[in-house]
Amino acid sequence: MEALAPLYAGALMKLAVGRDAMVRVKRARDMVDVCVDSGQAVYGVTTGFGRLKGEPIDSEDLRTLQRNLIISHCCGVGEPLPDGEVRAAQVLRLNGLVRGHSGVRPSLVRQLVRLFNAGFVPIVPRQGSVGASGDLAPLAHMAAAYMGHGKARIPTGRKGERKTMSARAAVKKIGEEPVTLEAKEGLALVNGTEVMKAVGVGAWLRATNISKAADAIASLSIEALLGSMRPFDPRLAELKGGAGHGRTASNVRACLEGSEVLESHLDCDRVQDPYSLRCVPQIHGAVKDALAHIEEVLAREVNSVTDNPVLFPDTKDVISAGMFHGQSLSMALDYLAIALSTLANVSERRTEQLVNPDLSRLPSFLTDKPGLNSGMMIAQVAAAALASENKVHAHPASVDTIPTSANQEDHVSMGMTAANKARTVCSNVEQVLAIEALCAAQGREFHGELRAGPGAAATRTCLRTRVPAMDRDRYLADDLDAARDLVASGTLVAAVEKVVGPLQG
């Protein structure tokens with residue numbers, strides 16, 4: 001999945017299909033041609049779709065059948081997906097087709113590759129999929145754009161910039177003709193989970209960065225709050241037996257190795273730190289364990305065949321099944337939202353520890369002149385608002401279902417809903433962690449004479465490249481945006497890793 005990461009950052013990647021893959025594609029296509037020529041009843045090839053599966057289609061109407069399938073399914077609504085998610089969906093759909101079980105023509109594969117390599121990005125709405133028979137509406141919008149319907153975006157010539165125009169104009173602008181679909185091909189383009197996978201992989205990549213950033217930022221908070229390193233002893237990780245616990249503790253130890261701040265506190269009268277500091281290995285570690293499981297599910301799914309019916313050229317079998325059902329993705333992406341919500345919860349509690357003078361032993365709301373200045377008072381409120389909003393988004397979509405297609409599709413996964421929720425939670429958690437980083441860095445201003453641990457120092461230094469220390473109240477929204485950008489872009493993690501080595505996700 002890491003190979004997809006550049007797409008989400010806007011890189012203009014190029015695709016090529018190997019010779020063996022094209023041989024597999026042709027063998028499956030030959031099966032479709034035999035079915036058509038023989039008049040055999042095959043779902044979606046020589047019959048209608050869904051509840052209309054029993055309706056035979058005349059051979060002269062097979063091309064019209066595929067066209068009608070695509071344009072009738074373009075019922076997506078809402079804001080468009082980001083370009084990176086659509087580009088990832090384009091790659092994943094091709095990856096499924098070239099497995100050689102879908103029955104598309106080799107010429108169609110080659111044309112889709114050319115469109116992708118030219119930077120052609122269909123406009124695909126975020127909403128309208130129930131996650132079975134796959135992402136029908138979003139994938140229909142993607143396929144329709146290839147055919148010249150709807151809108152698309154293409155490069156302008158300036159680095160990273162794209163212009164939106166009609167799909168037909170965009171296809172012409174890059175020197176292509178609109179795609180014409182033959183038997184089975186429309187069905188092959190819309191029966192799949194590629195859009196929820198694309199959104200899910202993007203969210204998982206962000207979550208991996210978030211998990212590392214959370215450890216680095218927590219390290220800075222521990223210093224600002226004069227916390228203890230004792231809970232991060234590797235022997236405790238061995239006794240607990242959790243891989244995520246061990247990776248978290250290792251990250252924090254690397255970030256705080258040699259900290260004079262913590263050494264100055266060894267003989268104080270505080271017996272134990274609050275849970276939000278003391279239980280970082282257990283809480284952050286549980287998130288890392290969740291991310292490992294989610295990675296396993298996503299890695300399997302991105303290389304799966306999700307078409308229907310599925311063709312087996314070796315045995316000449318055509319099997320109608322439910323490969324398009326997104327239940328495993330829906331459950332995994334619900335888990336992702338739940339795990340990240342937990343990370344935001346504990347981060348917000350550390351922010352409260354920092355701004356509350358009854359807990360922090362620091363000035364009220366981290367300002368020299370409380371009363372005249374409110375300092376970080378409302379920054380903590382914003383973190384609390386986002387952490388609580390996440391609890392709504394963490395309600396599982398995967399336990400919901402609503403029958404569609406006249407009850408032919410009587411159980412659906414709601415996988416796209418789970419993916420969209422996971423993306424939203426990612427954004428919220430990035431901001432909550434950014435607020436903690438702002439408060440932790442400000443807290444360190446009050447005992448800055450002591451040498452910090454290397455990772456904690458790098459976190460603070462990185463933040464100070466965009467956000468100066470606060471000596472009096474100022475317009476904080478810009479600071480929150482800047483800090484969030486440092487977290488979300490991976491800049492903060494990269495700065496920490498430059499001095500302590502790779503952090504464990």
# chains A, B, ... in the order shown; residues from 1 in each chain; ligands from 1
call {"tool": "residues_around", "arguments": {"residues": "A:Pro234", "least_positions_apart": "5", "cutoff": "9 Å", "atoms": "only C-alpha atoms", "output": "list in words"}}
result
Leu239, Gly246, Ala249 and Ser250 of chain A
call {"tool": "write_last_selection", "arguments": {"atoms": "N, CA and C atoms", "output": "PDB file, in the first residue's frame"}}
result
ATOM      1  N   LEU A 239       6.116  -7.748  29.734  1.00  0.00           N
ATOM      2  CA  LEU A 239       5.097  -8.332  30.601  1.00  0.00           C
ATOM      3  C   LEU A 239       3.698  -8.177  30.007  1.00  0.00           C
ATOM      4  N   GLY A 246       5.062  -2.051  22.975  1.00  0.00           N
ATOM      5  CA  GLY A 246       6.520  -2.006  22.864  1.00  0.00           C
ATOM      6  C   GLY A 246       7.000  -0.959  21.884  1.00  0.00           C
ATOM      7  N   ALA A 249       6.467   2.589  23.475  1.00  0.00           N
ATOM      8  CA  ALA A 249       7.449   2.862  24.529  1.00  0.00           C
ATOM      9  C   ALA A 249       8.821   3.123  23.935  1.00  0.00           C
ATOM     10  N   SER A 250       9.181   2.367  22.902  1.00  0.00           N
ATOM     11  CA  SER A 250      10.472   2.565  22.245  1.00  0.00           C
ATOM     12  C   SER A 250      10.557   3.949  21.610  1.00  0.00           C
TER      13      SER A 250
END
call {"tool": "residues_around", "arguments": {"residues": "A:Ile57", "least_positions_apart": "6", "cutoff": "12 Å", "atoms": "only C-alpha atoms", "output": "PyMOL selection string"}}
result
chain A and resi 36+39-49+63-66+183
call {"tool": "residues_around", "arguments": {"residues": "stretch 187-204 of chain A", "least_positions_apart": "5", "cutoff": "6 Å", "atoms": "only C-alpha atoms", "output": "PyMOL selection string"}}
result
chain A and resi 85+88-89+92-93+102+133-136+139-140+306-307+324+416+419+423
call {"tool": "residues_around", "arguments": {"residues": "A:Leu181", "least_positions_apart": "5", "cutoff": "12 Å", "atoms": "only C-alpha atoms", "output": "list in words"}}
result
Val45, Asp61, Leu62, Arg63, Thr64, Leu65, Gln66, Arg67, Asn68, Leu69, Ile70, Ile71, Gly103, Val104, Arg105, Ser107, Leu108, Val109, Gln111, Leu112, Ala143, Ala144, Tyr146, Met147, Gly148, Gly186, Leu187, Ala188 and Leu189 of chain A
call {"tool": "closest_residue", "arguments": {"among": "A:Ala170, A:Val121, A:Thr491, A:Leu333", "to": "A:Gln90", "atoms": "only C-alpha atoms"}}
result
A:Val121
call {"tool": "residues_around", "arguments": {"residues": "A:Asp83", "least_positions_apart": "3", "cutoff": "9 Å", "atoms": "only C-alpha atoms", "output": "short mmCIF file (atom, residue, chain, number, x, y, z; two decimals) with C-alpha atoms, in the first residue's frame"}}
result
data_model
loop_
_atom_site.label_atom_id
_atom_site.label_comp_id
_atom_site.auth_asym_id
_atom_site.auth_seq_id
_atom_site.Cartn_x
_atom_site.Cartn_y
_atom_site.Cartn_z
CA LEU A 7 -0.83 9.43 -5.47
CA TYR A 8 -2.38 11.02 -2.39
CA GLY A 10 -0.37 14.56 -6.03
CA PRO A 80 -16.14 15.42 -5.15
CA VAL A 86 -9.73 9.06 -7.37
CA ARG A 87 -6.27 8.37 -8.80
CA ALA A 88 -5.83 5.56 -6.29
CA VAL A 121 -9.01 12.40 -13.18
CA PRO A 122 -12.79 11.82 -13.25
CA ILE A 123 -14.93 13.92 -10.92
CA ARG A 153 -9.72 17.18 -14.39
#
call {"tool": "closest_residue", "arguments": {"among": "A:Gly100, A:Pro274, A:Pro178, A:Gly227", "to": "A:Arg29", "atoms": "only C-alpha atoms"}}
result
A:Gly100
call {"tool": "closest_residue", "arguments": {"among": "A:Thr164, A:Thr404, A:Thr351, A:Ser364", "to": "A:Gln380", "atoms": "only C-alpha atoms"}}
result
A:Thr351
call {"tool": "select_by_dssp", "arguments": {"residues": "stretch 150-274 of chain A", "states": "strand (DSSP E)", "output": "list in words"}}
result
Lys151, Ala152, Arg153, Ile154, Pro155, Arg162, Lys163, Thr164, Met165 and Ser166 of chain A
